[in-house]
Amino acid sequence: MTDARINLHADFTSVIHIALTALEASGTLPAGLPRSTVTCEPPRDPSHGDLSTNAAMVLAKPAGTNPRALAALLVAELEKEPRVVSAEIAGPGFINLRLTDDAWRGELALIAQSAADYGRSQMGGGKVVNVEYVSANPTGPMHMGHCRGAVVGDALADLLAYAGHKVIKEYYVNDAGAQVDVLARSVHMRYREALGETIEIPEGLYPGDYLVPVGQALAEEFGVTYKDAPEADWLILFRTRAVAAMMDMIRTDLATLGIHHDLFSSEAELQASGKVDAAEQYLRSHDLIYDGLLEAPKGKTLDDWEPVELPLFRSTKFGDDQDRPIKKSNGAWTYFGADLAYHFQKSQNADALVDIWGADHAGTVKRIKAAVAALTSAEGGTPKPFEVKLVQMVQLLRDGQPVKMSKRAGTFVTLSDVVAEVGKDVVRFTMLTRKPDAQMDFDFAKVIEASKDNPVFYVQYAHARICRNLKKGTDEGFMPSAENLGLLGEEELALVKLAAQFPRTVEAAAVAREPHRIAFFLHDLASAFHSYYNLGNDRPEKRFIVAHDSALTAARLFLAAQIGQVVRNGLALLGVEAAQEL
RNA sequence: GCGCCCGUAGCUCAGCAGGAUAGAGCACCAGAUUCCUAAUCUGGGGGCCAUGGGUUCGAAUCCCGUCGGGCGCACCA
C-alpha cells in the first residue's frame, strides 16, 4: 500500500511535525508548540525549492526565540530526512526544502500505480454528505439561470466523493406550491387546445410551447372528459401528470450536461407522509415553535398588511432577523415549513448537508440554517454540519446586451439550446473557471465565437497531444517504461512536481467547496506540458520520441502517460471529456 | 433602512484558510513548426490589488468605516 504517501505535501507536513516533536523531546524547544498554523506548501517561485514551511516564523514567538534561530534548529532536524537534499533558511525565516530527484521519480511511479485513483483522498473518512442542487421548480425546462448551480453542485459532489466522502446527490422537487397549480391550469389550456379549441393563454399562466405535448397526451388519454369540467375535477390529476412530464424534461436536460441525481425527493410526498407535522410537533415540544403575530416585512410598505397570528419558528434564537411562519393562514404549509422538515429528513440520512442555492435565495439562508440547528440539536449535542453554498447570478448577454428571462413570459434561454450550440464540455468548464461567489457574465456571442479559444480545449489538447504521442511511440516500437526514470532531468521533473500537486489541490478544493480550483490547476498543468512540448522544436533531444535512444524514449513516454493520467483524473472530476484527439 | 456577495492589467478572471519582486487568458506588439493538428510555444508593454484606518515579523488575503456594483428583505417559491 502506498496510501500513507499518496499526498506528498501532507506527508512532509508530518515530517516537519516530527522534527518539532524531536526538538521538544530533547528540551531544545519548549513542549506544546501549536501545529495548526504550520504549513508546508510549494513556494510560488520554484527557484526557492520544492517545498517551503513557515514553521520557524509562526512558532518563534511561542518558543521564545527568533525565527532564524528556530529555523536553524529545524533545518538540522529536517536534513536527517533521506528524501531531503537541502534545507535552507530564506527571507524572514522560511525554510525551503529541496527533495531528491529520486523522490520525484518515485512520485511519478506512484501516479502510474494509482492511475485513476491518483489524487483520491481518504480525507472524508467515508462520512456521508448530502449535496442538494438544481432543485428547479418543475414548471418548465432547465434554463441558463439554473446552469451554474447545476454544474457547480455536480462538480462539488464528485469532488467530495473523490476526497473520501460518501455522497448523495439530491434534487428537491417543489411539487406542492401554488406554482404547480398554475402549471396544471396552463396544461389544461393546452389540453383544450389539443381538443380543437382555439385558446389564448391568459396572463399569469405559463405560455411556453413545451406544454403542448403534455396537453396532447392528456387529450389522447382522457378525450373530452375534463374539457368543461370544474377545476376541482382535474386539478390534481393534471398537476401530477404535468409535474411528471416536467421532471422527465428536466432529467433529460440535466443528462445533456452529464448530471444525474441519486435521489429526487418530492415536497408533496413529504407533506403527505406527515413528516412536516412531525417536525412541527417536535419543535413545539422544545418550545421552538409558537403561535404568534407575524411582523410586517421590513424595508417595504405593503398597503394591505395586517398582523396575523401564525405558527412561528423561533429562528431569531439562531441569529435570524425575525421568527418565520411555517404555515399560512389558510392552513397550508409555507415553503419554509416544508423545507424545514425536508432538511430534517436529509439530516437523518447523512453526516453533513450541503445545499447549492442561487444568490436570489440568500435571504432565506439564516432561517433554514436555524431550522437545521434546532432540529439536530434540540436535545443537546452539536448540530449537524450544514452549509449553504450560494452561487451568484449569471448575467446573460447577447452581443453585450443583457437578456431578460422570464418563465411566465416565455422568454428564457434553455439549457439544452446552449448545450446543443456550444457543447457540454464548454458549458461545464466555463461555469467552473470562476469562483461561484462572484457574479459572472455569459455572453452567447462570445462563448460561441470564442469556443475555440475556450480554456477547456487548451486542457483537452494537452491530453490529446499526449495520447497521440503515446500512439506514435507504440507505432514505432517504443513502450512507456519506468525502467530508466533516472534519465529524466530537471525539465522533466518540473512537470512531475506540478502534477504532484494534484492530490493537495483536490483536498484543498474539497475543504473549501471550490471545484473551480481543479479547473485552474488543470490549466496550469496543461500550460507546463505545452511549454515542455515546444522545447522539442528547437532542441530535438528534448522530444518525447528520440529515435536513437529507446531507454530515454521509454522514460519520456512514461512521463507523458502519467501527465495524461493526471489531466484525465482532473477532467473526470469536472465531468469533462478527456478526448483522445480533437 | 437591514442582511448576504463582489470590487485585482483595457476586457474576462485566478491568487492555494496572511508569506518572499501581484498571475493567467483574451486583446495589442515582435518572433518560433522535420516528435505532435500552430486549437501550441517564446518575449514585450500594461496594476497606489476601489478607498481610509486597524491587527503583526508580514495584508490583495483578516477586522472596522466609506464609496461603487449585484441579490434579497411575503402567508411567494
# chains A, B, ... in the order shown; residues from 1 in each chain; ligands from 1
>>> select_by_dssp(residues="stretch 256-314 of chain A", states="strand (DSSP E or B)", output="list of chain:residue names")
A:Leu263, A:Phe264, A:Ser265, A:Ser266, A:Ile289, A:Tyr290, A:Asp291, A:Gly292, A:Leu293, A:Glu309, A:Leu310, A:Pro311, A:Leu312, A:Phe313
>>> interface_residues(of="chain A", to="chain B", cutoff="6 Å", atoms="only C-alpha atoms (C1' of nucleotides)", output="PyMOL selection string")
chain A and resi 328+359-360+363+438+531+534+543+545
>>> residues_around(residues="A:Val308", least_positions_apart="2", cutoff="12 Å", atoms="only C-alpha atoms (C1' of nucleotides)", output="list in words")
Asp291, Gly292, Leu293, Leu294, Glu295, Ala296, Asp304, Trp305, Glu306, Leu310, Pro311, Leu312, Pro325, Lys327, Lys328, Ser329 and Asn330 of chain A; C75 of chain B
>>> write_last_selection(atoms="N, CA and C atoms (P, O5', C5', C4', C3', O3' and C1' of nucleotides)", output="PDB file, in the first residue's frame")
ATOM      1  N   ASP A 291     -47.335  30.019  18.566  1.00  0.00           N
ATOM      2  CA  ASP A 291     -48.302  30.787  17.785  1.00  0.00           C
ATOM      3  C   ASP A 291     -48.135  32.251  18.129  1.00  0.00           C
ATOM      4  N   GLY A 292     -47.844  33.062  17.137  1.00  0.00           N
ATOM      5  CA  GLY A 292     -47.586  34.465  17.426  1.00  0.00           C
ATOM      6  C   GLY A 292     -47.905  35.341  16.231  1.00  0.00           C
ATOM      7  N   LEU A 293     -47.730  36.632  16.441  1.00  0.00           N
ATOM      8  CA  LEU A 293     -48.039  37.580  15.382  1.00  0.00           C
ATOM      9  C   LEU A 293     -46.832  37.753  14.457  1.00  0.00           C
ATOM     10  N   LEU A 294     -47.121  37.690  13.179  1.00  0.00           N
ATOM     11  CA  LEU A 294     -46.064  37.880  12.191  1.00  0.00           C
ATOM     12  C   LEU A 294     -45.791  39.356  12.030  1.00  0.00           C
ATOM     13  N   GLU A 295     -44.530  39.721  12.075  1.00  0.00           N
ATOM     14  CA  GLU A 295     -44.152  41.123  11.893  1.00  0.00           C
ATOM     15  C   GLU A 295     -44.324  41.528  10.437  1.00  0.00           C
ATOM     16  N   ALA A 296     -44.534  42.809  10.242  1.00  0.00           N
ATOM     17  CA  ALA A 296     -44.610  43.331   8.880  1.00  0.00           C
ATOM     18  C   ALA A 296     -43.238  43.235   8.227  1.00  0.00           C
ATOM     19  N   ASP A 304     -51.749  46.481   2.084  1.00  0.00           N
ATOM     20  CA  ASP A 304     -52.773  45.620   2.663  1.00  0.00           C
ATOM     21  C   ASP A 304     -52.229  44.766   3.809  1.00  0.00           C
ATOM     22  N   TRP A 305     -51.158  45.246   4.453  1.00  0.00           N
ATOM     23  CA  TRP A 305     -50.577  44.448   5.524  1.00  0.00           C
ATOM     24  C   TRP A 305     -51.449  44.458   6.768  1.00  0.00           C
ATOM     25  N   GLU A 306     -51.716  43.245   7.263  1.00  0.00           N
ATOM     26  CA  GLU A 306     -52.424  43.149   8.534  1.00  0.00           C
ATOM     27  C   GLU A 306     -51.736  42.095   9.377  1.00  0.00           C
ATOM     28  N   LEU A 310     -49.853  33.291  13.411  1.00  0.00           N
ATOM     29  CA  LEU A 310     -49.438  32.098  12.675  1.00  0.00           C
ATOM     30  C   LEU A 310     -48.475  31.302  13.537  1.00  0.00           C
ATOM     31  N   PRO A 311     -48.323  30.018  13.234  1.00  0.00           N
ATOM     32  CA  PRO A 311     -47.280  29.258  13.939  1.00  0.00           C
ATOM     33  C   PRO A 311     -45.898  29.706  13.457  1.00  0.00           C
ATOM     34  N   LEU A 312     -45.110  30.186  14.396  1.00  0.00           N
ATOM     35  CA  LEU A 312     -43.802  30.748  14.037  1.00  0.00           C
ATOM     36  C   LEU A 312     -42.658  29.914  14.615  1.00  0.00           C
ATOM     37  N   PRO A 325     -42.876  32.075   9.745  1.00  0.00           N
ATOM     38  CA  PRO A 325     -44.077  31.232   9.757  1.00  0.00           C
ATOM     39  C   PRO A 325     -43.841  29.907   9.043  1.00  0.00           C
ATOM     40  N   LYS A 327     -46.702  27.914   8.595  1.00  0.00           N
ATOM     41  CA  LYS A 327     -47.993  27.680   7.946  1.00  0.00           C
ATOM     42  C   LYS A 327     -48.593  28.999   7.513  1.00  0.00           C
ATOM     43  N   LYS A 328     -49.403  28.929   6.461  1.00  0.00           N
ATOM     44  CA  LYS A 328     -50.130  30.106   6.010  1.00  0.00           C
ATOM     45  C   LYS A 328     -51.447  30.195   6.766  1.00  0.00           C
ATOM     46  N   SER A 329     -52.114  31.329   6.626  1.00  0.00           N
ATOM     47  CA  SER A 329     -53.383  31.494   7.354  1.00  0.00           C
ATOM     48  C   SER A 329     -54.453  30.556   6.806  1.00  0.00           C
ATOM     49  N   ASN A 330     -54.265  30.038   5.603  1.00  0.00           N
ATOM     50  CA  ASN A 330     -55.245  29.069   5.084  1.00  0.00           C
ATOM     51  C   ASN A 330     -54.929  27.643   5.548  1.00  0.00           C
TER      52      ASN A 330
ATOM     53  P     C B  75     -43.389  35.639   5.706  1.00  0.00           P
ATOM     54  O5'   C B  75     -44.355  34.391   5.666  1.00  0.00           O
ATOM     55  C5'   C B  75     -45.661  34.627   5.349  1.00  0.00           C
ATOM     56  C4'   C B  75     -46.264  33.418   4.731  1.00  0.00           C
ATOM     57  C3'   C B  75     -46.531  33.594   3.235  1.00  0.00           C
ATOM     58  O3'   C B  75     -46.693  32.324   2.626  1.00  0.00           O
ATOM     59  C1'   C B  75     -48.558  33.642   4.458  1.00  0.00           C
TER      60        C B  75
END
>>> residues_around(residues="A:Asp437", least_positions_apart="6", cutoff="10 Å", atoms="only C-alpha atoms (C1' of nucleotides)", output="PDB file with C-alpha atoms (C1' of nucleotides), in the first residue's frame")
ATOM      1  CA  GLY A 358     -28.914  30.691  -6.293  1.00  0.00           C
ATOM      2  CA  ALA A 359     -27.968  34.011  -4.758  1.00  0.00           C
ATOM      3  CA  LYS A 389     -23.273  27.447  -0.827  1.00  0.00           C
ATOM      4  CA  LEU A 390     -24.572  30.408  -2.762  1.00  0.00           C
ATOM      5  CA  VAL A 391     -23.970  30.544  -6.453  1.00  0.00           C
ATOM      6  CA  GLN A 392     -24.099  34.069  -7.744  1.00  0.00           C
ATOM      7  CA  MET A 393     -26.193  35.222 -10.656  1.00  0.00           C
ATOM      8  CA  GLU A 514     -14.451  25.127  -4.588  1.00  0.00           C
TER       9      GLU A 514
ATOM     10  C1'   C B   5     -21.986  38.517  -2.148  1.00  0.00           C
ATOM     11  C1'   C B   6     -18.475  41.174  -5.089  1.00  0.00           C
TER      12        C B   6
END
>>> residues_around(residues="A:Asp351", least_positions_apart="2", cutoff="10 Å", atoms="only C-alpha atoms (C1' of nucleotides)", output="PyMOL selection string")
chain A and resi 126-130+165-166+346-349+353+384-386
>>> write_last_selection(atoms="N, CA and C atoms", output="compact mmCIF listing (two decimals), in the first residue's frame")
# COMPACT_ATOMS: atom_id res chain seq x y z
N GLY A 126 -15.18 8.55 4.73
CA GLY A 126 -16.41 7.82 4.46
C GLY A 126 -17.66 8.46 5.02
N LYS A 127 -17.52 9.68 5.53
CA LYS A 127 -18.70 10.39 6.05
C LYS A 127 -19.67 10.68 4.91
N VAL A 128 -20.94 10.53 5.20
CA VAL A 128 -21.97 10.74 4.18
C VAL A 128 -22.30 12.23 4.07
N VAL A 129 -22.14 12.76 2.88
CA VAL A 129 -22.51 14.16 2.63
C VAL A 129 -23.64 14.19 1.62
N ASN A 130 -24.71 14.86 1.99
CA ASN A 130 -25.82 15.04 1.06
C ASN A 130 -25.64 16.38 0.37
N HIS A 165 -15.60 11.12 0.70
CA HIS A 165 -16.94 11.11 1.29
C HIS A 165 -17.83 10.15 0.52
N LYS A 166 -18.85 9.70 1.21
CA LYS A 166 -19.97 9.07 0.50
C LYS A 166 -20.94 10.19 0.19
N LYS A 346 -33.31 14.92 5.50
CA LYS A 346 -31.98 14.74 4.93
C LYS A 346 -30.94 14.53 6.02
N SER A 347 -31.10 15.27 7.10
CA SER A 347 -30.07 15.21 8.15
C SER A 347 -30.05 13.84 8.82
N GLN A 348 -31.17 13.13 8.72
CA GLN A 348 -31.21 11.82 9.36
C GLN A 348 -30.50 10.75 8.54
N ASN A 349 -30.22 11.09 7.29
CA ASN A 349 -29.58 10.11 6.42
C ASN A 349 -28.18 10.52 5.98
N LEU A 353 -24.69 18.14 5.47
CA LEU A 353 -25.53 18.59 4.37
C LEU A 353 -24.89 19.79 3.68
N LYS A 384 -25.96 19.19 13.33
CA LYS A 384 -25.43 18.53 12.13
C LYS A 384 -24.78 19.57 11.22
N PRO A 385 -23.57 19.30 10.76
CA PRO A 385 -22.94 20.27 9.86
C PRO A 385 -23.79 20.52 8.62
N PHE A 386 -24.01 21.77 8.32
CA PHE A 386 -24.89 22.14 7.21
C PHE A 386 -24.39 23.45 6.61
